[in-house]
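Asks: Sharing a structure with you now.
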Amino acid sequence: MSQQLKVAIMLTDEQKQQYRQQGYLLLENVCSSELLAAVKERAAHIVNTWQDSDSSHIFTTKDNDRSGNDFFLDSAEEIRCFFEEEAFDEQGNFVQDRALCINKIGHALHELDPVFEAFSHRPILGEIAQDIGLLEPQIRQSMYIYKQPRIGGEVKWHQDASFFFTTPQSVVTYWFAIEDATLENGCLWVEPKGHNGALRERFNRSGSDTTMESLDNTPWPTETGIAVPVKAGSLVVFHGHLPHYSAPNRSSKSRQAYTLHVTDARTEYATENWLQSEKLPLRGFNKK
Ligand code: FE2
């Protein structure tokens with residue numbers, strides 16, 4: 001893709017140490033404004049051509065019960081739009097413009113959409129993966145998250161390894177700020193060093209049944225979390241055990257972000273994970 005920045009980012013020793021010690025790393029200016037505009041426009045195109053207005057097709061982290069939710073479960077290797085939990089009024093009508101009611105697009109943009117495919121497999125992301133020890137990266141999932149103005153839902157504290165369980169733990173999250181993420185519009189919060197703690201729960205799937213299995217009763221960080229406001233074009237890379245959260249968005253601005261979840265092929269990917277690669281290629285980043 002011609003818009004991508006040509007600067008090769010190799011992480012400095014300080015950056016690698018930051019990732020190891022704190023469990024996350026903020027990299028600014030990883031995406032040019034042209035590239036951001038291209039993916040934003042593409043996401044809007046997907047939303048505008050998405051016909052569904054079924055009020056049951058929402059996404060929420062409130063109870064994480066996705067049993068029988070085939071719309072969600074079958075999105076593993078598809079591109080589907082999910083509505084915000086607060087998208088509909090009591091009569092089932094959209095509370096604001098339909099395009100401002102989409103919670104997220106998931107979960108295989110990185111393979112099925114040409115613009116997101118090019119964005120997701122950029123060699124620069126592979127260099128970062130190598131530098132943080134993900135030697136044989138495989139992209140498992142992609143999501144375009146809107147965090148819409150006024151109704152953008154809270155994402156409760158969680159650890160991404162709960163959803164991408166590997167032995168040993170390997171999942172890393174790439175969180176791209178497509179727009180400025182601020183305290184007002186629901187930026188990411190993390191618990192520095194929290195990746196050293198145990199995995200608290202595990203999301204398992206058996207057919208159409210899902211369960212959230214409790215593994216450890218360490219409380220979620222309410223006092224030790226810190227906000228990570230970032231500029232558009234930034235990338236936050238974080239460890240699968242790092243607790244993270246984002247608040248509801250009650251502001252007038254959306255907080256668009258794009259995420260990738262990446263595991264290491266040298267580890268064993270649990271068959272109980274909800275998302276399995278069956279029909280799509282399972283691959284990492286392009287080489288330079
Ligand atoms: Fe997460």
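Ligands are numbered from 1 in the order shown, residues from 1 within each chain, and chains are lettered A, B, ... in the order they appear in the structure tokens.
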Counting only C-alpha atoms and all ligand atoms, which protein, DNA or RNA residues come within 12 Å of ligand 1, given as a PyMOL selection string?

Replies: chain A and resi 61+141-143+145+154-164+171-175+188-190+236-246+257-261

Asks: Please identify which residues in range 62-92 of chain A DSSP calls strand (DSSP E) from the backbone, and express them as a list of chain:residue names.

Replies: A:Ile79, A:Arg80, A:Cys81, A:Phe82, A:Phe83

Asks: Can you spit out the residues from that selection as a compact mmCIF listing (two decimals), in the first residue's frame, using all heavy atoms?

Replies:
# COMPACT_ATOMS: atom_id res chain seq x y z
N ILE A 79 -17.32 -11.17 7.75
CA ILE A 79 -17.35 -9.74 8.09
C ILE A 79 -18.79 -9.40 8.44
O ILE A 79 -19.67 -9.47 7.58
CB ILE A 79 -16.86 -8.86 6.92
CG1 ILE A 79 -15.38 -9.14 6.62
CG2 ILE A 79 -17.09 -7.39 7.23
CD1 ILE A 79 -14.84 -8.38 5.42
N ARG A 80 -19.03 -9.08 9.71
CA ARG A 80 -20.39 -8.73 10.15
C ARG A 80 -20.35 -7.46 10.99
O ARG A 80 -19.38 -7.22 11.72
CB ARG A 80 -20.99 -9.87 10.97
CG ARG A 80 -21.27 -11.09 10.12
CD ARG A 80 -22.00 -12.18 10.86
NE ARG A 80 -22.30 -13.27 9.93
CZ ARG A 80 -22.89 -14.41 10.24
NH1 ARG A 80 -23.26 -14.63 11.50
NH2 ARG A 80 -23.12 -15.33 9.34
N CYS A 81 -21.45 -6.71 10.92
CA CYS A 81 -21.56 -5.51 11.74
C CYS A 81 -22.45 -5.80 12.95
O CYS A 81 -23.50 -6.43 12.82
CB CYS A 81 -22.19 -4.38 10.93
SG CYS A 81 -21.22 -3.85 9.53
N PHE A 82 -22.01 -5.33 14.09
CA PHE A 82 -22.76 -5.47 15.35
C PHE A 82 -23.20 -4.09 15.80
O PHE A 82 -22.44 -3.13 15.69
CB PHE A 82 -21.87 -6.10 16.43
CG PHE A 82 -21.42 -7.50 16.11
CD1 PHE A 82 -20.35 -7.73 15.25
CD2 PHE A 82 -22.09 -8.59 16.65
CE1 PHE A 82 -19.94 -9.02 14.93
CE2 PHE A 82 -21.69 -9.89 16.35
CZ PHE A 82 -20.61 -10.10 15.49
N PHE A 83 -24.41 -4.03 16.37
CA PHE A 83 -24.91 -2.75 16.85
C PHE A 83 -24.50 -2.51 18.30
O PHE A 83 -24.26 -3.44 19.06
CB PHE A 83 -26.43 -2.69 16.73
CG PHE A 83 -26.92 -2.71 15.32
CD1 PHE A 83 -27.61 -3.80 14.81
CD2 PHE A 83 -26.68 -1.62 14.48
CE1 PHE A 83 -28.05 -3.82 13.49
CE2 PHE A 83 -27.11 -1.64 13.15
CZ PHE A 83 -27.80 -2.74 12.66

Asks: Name the residues in contact with Glu278 in chain A at a cut-off of 12 Å, using only C-alpha atoms, excluding same-chain residues fewer than 6 positions from it; report them as a list in words.

Replies: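 Non-adjacent residues within range: Asp74, Ala76, Glu77, Glu78, Arg140 and Thr271 of chain A.
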
Asks: Those residues you just picked out, can you put them in a file as a PDB file, in the first residue's frame with all heavy atoms?

Replies:
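That gives us again.pdb:
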ATOM      1  N   ASP A  74     -20.859 -17.292  14.310  1.00  0.00           N
ATOM      2  CA  ASP A  74     -20.581 -17.527  12.891  1.00  0.00           C
ATOM      3  C   ASP A  74     -19.823 -16.378  12.233  1.00  0.00           C
ATOM      4  O   ASP A  74     -19.507 -16.431  11.045  1.00  0.00           O
ATOM      5  CB  ASP A  74     -21.884 -17.786  12.116  1.00  0.00           C
ATOM      6  CG  ASP A  74     -22.539 -19.094  12.551  1.00  0.00           C
ATOM      7  OD1 ASP A  74     -21.866 -19.905  13.214  1.00  0.00           O
ATOM      8  OD2 ASP A  74     -23.741 -19.291  12.231  1.00  0.00           O
ATOM      9  N   ALA A  76     -16.879 -15.595  13.060  1.00  0.00           N
ATOM     10  CA  ALA A  76     -15.449 -15.885  13.246  1.00  0.00           C
ATOM     11  C   ALA A  76     -14.670 -15.712  11.951  1.00  0.00           C
ATOM     12  O   ALA A  76     -13.570 -15.158  11.947  1.00  0.00           O
ATOM     13  CB  ALA A  76     -15.277 -17.303  13.786  1.00  0.00           C
ATOM     14  N   GLU A  77     -15.244 -16.171  10.873  1.00  0.00           N
ATOM     15  CA  GLU A  77     -14.538 -16.089   9.597  1.00  0.00           C
ATOM     16  C   GLU A  77     -15.375 -15.344   8.557  1.00  0.00           C
ATOM     17  O   GLU A  77     -15.387 -15.678   7.392  1.00  0.00           O
ATOM     18  CB  GLU A  77     -14.165 -17.489   9.109  1.00  0.00           C
ATOM     19  CG  GLU A  77     -13.149 -18.162  10.035  1.00  0.00           C
ATOM     20  CD  GLU A  77     -12.658 -19.481   9.494  1.00  0.00           C
ATOM     21  OE1 GLU A  77     -13.451 -20.448   9.522  1.00  0.00           O
ATOM     22  OE2 GLU A  77     -11.515 -19.553   9.027  1.00  0.00           O
ATOM     23  N   GLU A  78     -16.067 -14.320   9.042  1.00  0.00           N
ATOM     24  CA  GLU A  78     -16.917 -13.490   8.184  1.00  0.00           C
ATOM     25  C   GLU A  78     -16.651 -12.020   8.512  1.00  0.00           C
ATOM     26  O   GLU A  78     -15.918 -11.705   9.437  1.00  0.00           O
ATOM     27  CB  GLU A  78     -18.405 -13.775   8.475  1.00  0.00           C
ATOM     28  CG  GLU A  78     -18.835 -15.225   8.357  1.00  0.00           C
ATOM     29  CD  GLU A  78     -19.046 -15.665   6.914  1.00  0.00           C
ATOM     30  OE1 GLU A  78     -19.099 -14.786   6.031  1.00  0.00           O
ATOM     31  OE2 GLU A  78     -19.155 -16.888   6.673  1.00  0.00           O
ATOM     32  N   ARG A 140      -5.189 -13.914  14.166  1.00  0.00           N
ATOM     33  CA  ARG A 140      -6.394 -14.718  14.453  1.00  0.00           C
ATOM     34  C   ARG A 140      -7.687 -13.966  14.221  1.00  0.00           C
ATOM     35  O   ARG A 140      -8.709 -14.552  13.908  1.00  0.00           O
ATOM     36  CB  ARG A 140      -6.366 -15.170  15.925  1.00  0.00           C
ATOM     37  CG  ARG A 140      -5.266 -16.123  16.267  1.00  0.00           C
ATOM     38  CD  ARG A 140      -5.645 -17.531  15.872  1.00  0.00           C
ATOM     39  NE  ARG A 140      -4.535 -18.465  16.048  1.00  0.00           N
ATOM     40  CZ  ARG A 140      -4.629 -19.758  15.764  1.00  0.00           C
ATOM     41  NH1 ARG A 140      -5.759 -20.268  15.313  1.00  0.00           N
ATOM     42  NH2 ARG A 140      -3.595 -20.538  15.923  1.00  0.00           N
ATOM     43  N   THR A 271      -8.414 -25.808  21.443  1.00  0.00           N
ATOM     44  CA  THR A 271      -9.575 -26.163  20.610  1.00  0.00           C
ATOM     45  C   THR A 271     -10.871 -25.608  21.205  1.00  0.00           C
ATOM     46  O   THR A 271     -11.887 -25.538  20.536  1.00  0.00           O
ATOM     47  CB  THR A 271      -9.708 -27.696  20.467  1.00  0.00           C
ATOM     48  OG1 THR A 271      -9.775 -28.263  21.793  1.00  0.00           O
ATOM     49  CG2 THR A 271      -8.535 -28.283  19.712  1.00  0.00           C
TER      50      THR A 271
END

Asks: Report, in Å with one decimal, the straight-line distance from CA of Leu280 in chain A to CA of Phe71 in chain A.

Replies: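 Computing it gives 18.2 Å between the two atoms.
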
Asks: Measuring between only C-alpha atoms, which one of A:Ile128, A:Leu27, A:Leu100, A:Ile226 shows the shortest distance to Lys193 in chain A?

Replies: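 Between A:Ile128, A:Leu27, A:Leu100, A:Ile226, the residue approaching Lys193 in chain A most closely is A:Ile226.
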
Asks: So how far away is CA of Lys104 in chain A from CA of Pro149 in chain A, in Å?

Replies: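 Computing the Euclidean distance for CA of Pro149 in chain A and CA of Lys104 in chain A yields 13.2 Å.
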
Asks: Report the distance between CA of Arg122 in chain A and CA of Gly186 in chain A in Å, rounded to one decimal place.

Replies: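 Pair CA of Arg122 in chain A / CA of Gly186 in chain A returns 27.1 Å.
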
Asks: If you run DSSP over the backbone, which residues in range 32-274 of chain A end up helix (DSSP H, G or I)? Put them as a ChimeraX atom specification.

Replies: /A:33-49,70-73,98-100,109-112,114-120,123-131,160-162,194-196

Asks: Determine, using only C-alpha atoms, which residues of range 70-170 of chain A have any atom at most 10 Å from an atom of range 178-185 of chain A, and tabulate each with its shortest atom pair and distance in Å to one decimal place, rows ordered by chain and then rising number, as CSV.

Replies:
residue,atom,partner,partner_atom,distance
A:Tyr144,CA,A:Ile178,CA,9.3
A:Ile145,CA,A:Ile178,CA,9.4
A:Tyr146,CA,A:Ile178,CA,9.5
A:Lys147,CA,A:Asn185,CA,7.6
A:Gln148,CA,A:Asn185,CA,8.4
A:Pro149,CA,A:Asn185,CA,7.4
A:Arg150,CA,A:Asn185,CA,8.7
A:Gly152,CA,A:Asn185,CA,8.4

Asks: How would the residues just chosen look if you wrote them out with C-alpha atoms as a PDB file, in the first residue's frame?

Replies:
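Once written, selection-v2.pdb looks like this:
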ATOM      1  CA  TYR A 144     -13.042  -2.309  13.622  1.00  0.00           C
ATOM      2  CA  ILE A 145     -14.437  -0.715  16.763  1.00  0.00           C
ATOM      3  CA  TYR A 146     -16.484   2.481  16.597  1.00  0.00           C
ATOM      4  CA  LYS A 147     -17.133   3.503  20.200  1.00  0.00           C
ATOM      5  CA  GLN A 148     -19.875   5.720  18.861  1.00  0.00           C
ATOM      6  CA  PRO A 149     -20.712   9.202  20.120  1.00  0.00           C
ATOM      7  CA  ARG A 150     -23.184   9.219  23.049  1.00  0.00           C
ATOM      8  CA  GLY A 152     -20.493   3.841  22.693  1.00  0.00           C
TER       9      GLY A 152
END

Asks: Taking into account only C-alpha atoms, which residue in the set A:Leu215, A:Ala108, A:Val115, A:Val228 is nearest to Ser277 in chain A?

Replies: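 Smallest separation from Ser277 in chain A among the options: A:Ala108.
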
Asks: Looking at A:Gly23, A:Asn93, A:Ser75, A:Leu35, which one is nearest to Ser53 in chain A, with distances taken over only C-alpha atoms?

Replies: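 Ranking A:Gly23, A:Asn93, A:Ser75, A:Leu35 by distance to Ser53 in chain A, first place goes to A:Asn93.
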
Asks: So that I can check the surroundings of Glu272 in chain A, please list as a list in words every protein, DNA and RNA residue that reaches within 8 Å of it, counting only C-alpha atoms and ignoring chain neighbours fewer than 3 positions away.

Replies: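 In the requested form, the answer reads Asn204, Arg205 and Ser206 of chain A.
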
Asks: Could the residues in this selection be saved with C-alpha atoms as a short mmCIF file (atom, residue, chain, number, x, y, z; two decimals), in the first residue's frame?

Replies:
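Just written: out_39.cif:
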data_model
loop_
_atom_site.label_atom_id
_atom_site.label_comp_id
_atom_site.auth_asym_id
_atom_site.auth_seq_id
_atom_site.Cartn_x
_atom_site.Cartn_y
_atom_site.Cartn_z
CA ASN A 204 -14.82 -21.62 26.10
CA ARG A 205 -17.02 -22.77 23.29
CA SER A 206 -18.60 -26.13 22.62
#

Asks: Write out as a PDB file with N, CA, C and O atoms, in the first residue's frame each polymer residue whose atoms come within 8 Å of Asn286 in chain A, counting only C-alpha atoms; drop sequence neighbours fewer than 4 positions from it.

Replies:
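Dumped to selection-v7.pdb:
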ATOM      1  N   HIS A 121      -1.466  -6.760   7.236  1.00  0.00           N
ATOM      2  CA  HIS A 121      -0.307  -7.635   7.009  1.00  0.00           C
ATOM      3  C   HIS A 121       0.973  -6.852   6.734  1.00  0.00           C
ATOM      4  O   HIS A 121       1.956  -7.434   6.278  1.00  0.00           O
ATOM      5  N   ARG A 122       0.957  -5.555   7.026  1.00  0.00           N
ATOM      6  CA  ARG A 122       2.139  -4.742   6.728  1.00  0.00           C
ATOM      7  C   ARG A 122       3.394  -5.287   7.417  1.00  0.00           C
ATOM      8  O   ARG A 122       3.349  -5.677   8.589  1.00  0.00           O
ATOM      9  N   PRO A 123       4.512  -5.299   6.671  1.00  0.00           N
ATOM     10  CA  PRO A 123       5.761  -5.833   7.231  1.00  0.00           C
ATOM     11  C   PRO A 123       6.185  -5.169   8.541  1.00  0.00           C
ATOM     12  O   PRO A 123       6.741  -5.826   9.419  1.00  0.00           O
ATOM     13  N   GLY A 126       5.085  -6.996  11.444  1.00  0.00           N
ATOM     14  CA  GLY A 126       5.851  -8.222  11.657  1.00  0.00           C
ATOM     15  C   GLY A 126       7.172  -7.940  12.367  1.00  0.00           C
ATOM     16  O   GLY A 126       7.625  -8.727  13.203  1.00  0.00           O
TER      17      GLY A 126
END

Asks: Taking only C-alpha atoms into account, name the residue in A:Ala43, A:Ser170, A:Ala87, A:Glu201 that is nearest to Ala129 in chain A.

Replies: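 The answer is A:Ser170, which sits nearest to Ala129 in chain A.
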
Asks: My list of candidates is A:Ile151, A:Ala227, A:Leu73, A:Ile105. Which is closest to Val47 in chain A when distances are computed with only C-alpha atoms?

Replies: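 Looking only at the distances to Val47 in chain A, the closest residue turns out to be A:Ile105.
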
Asks: Would you write out, as a Markdown table, a table of all residues in range 74-168 of chain A that have an atom no more than 10 Å from an atom of range 28-33 of chain A, listing for each the closest atom pair and the distance in Å to one decimal, considering only C-alpha atoms and ordering rows by chain and rising residue number?

Replies:
| residue | atom | partner | partner_atom | distance |
| --- | --- | --- | --- | --- |
| A:Phe119 | CA | A:Cys31 | CA | 9.3 |
| A:Ile124 | CA | A:Val30 | CA | 8.7 |
| A:Leu125 | CA | A:Val30 | CA | 9.2 |
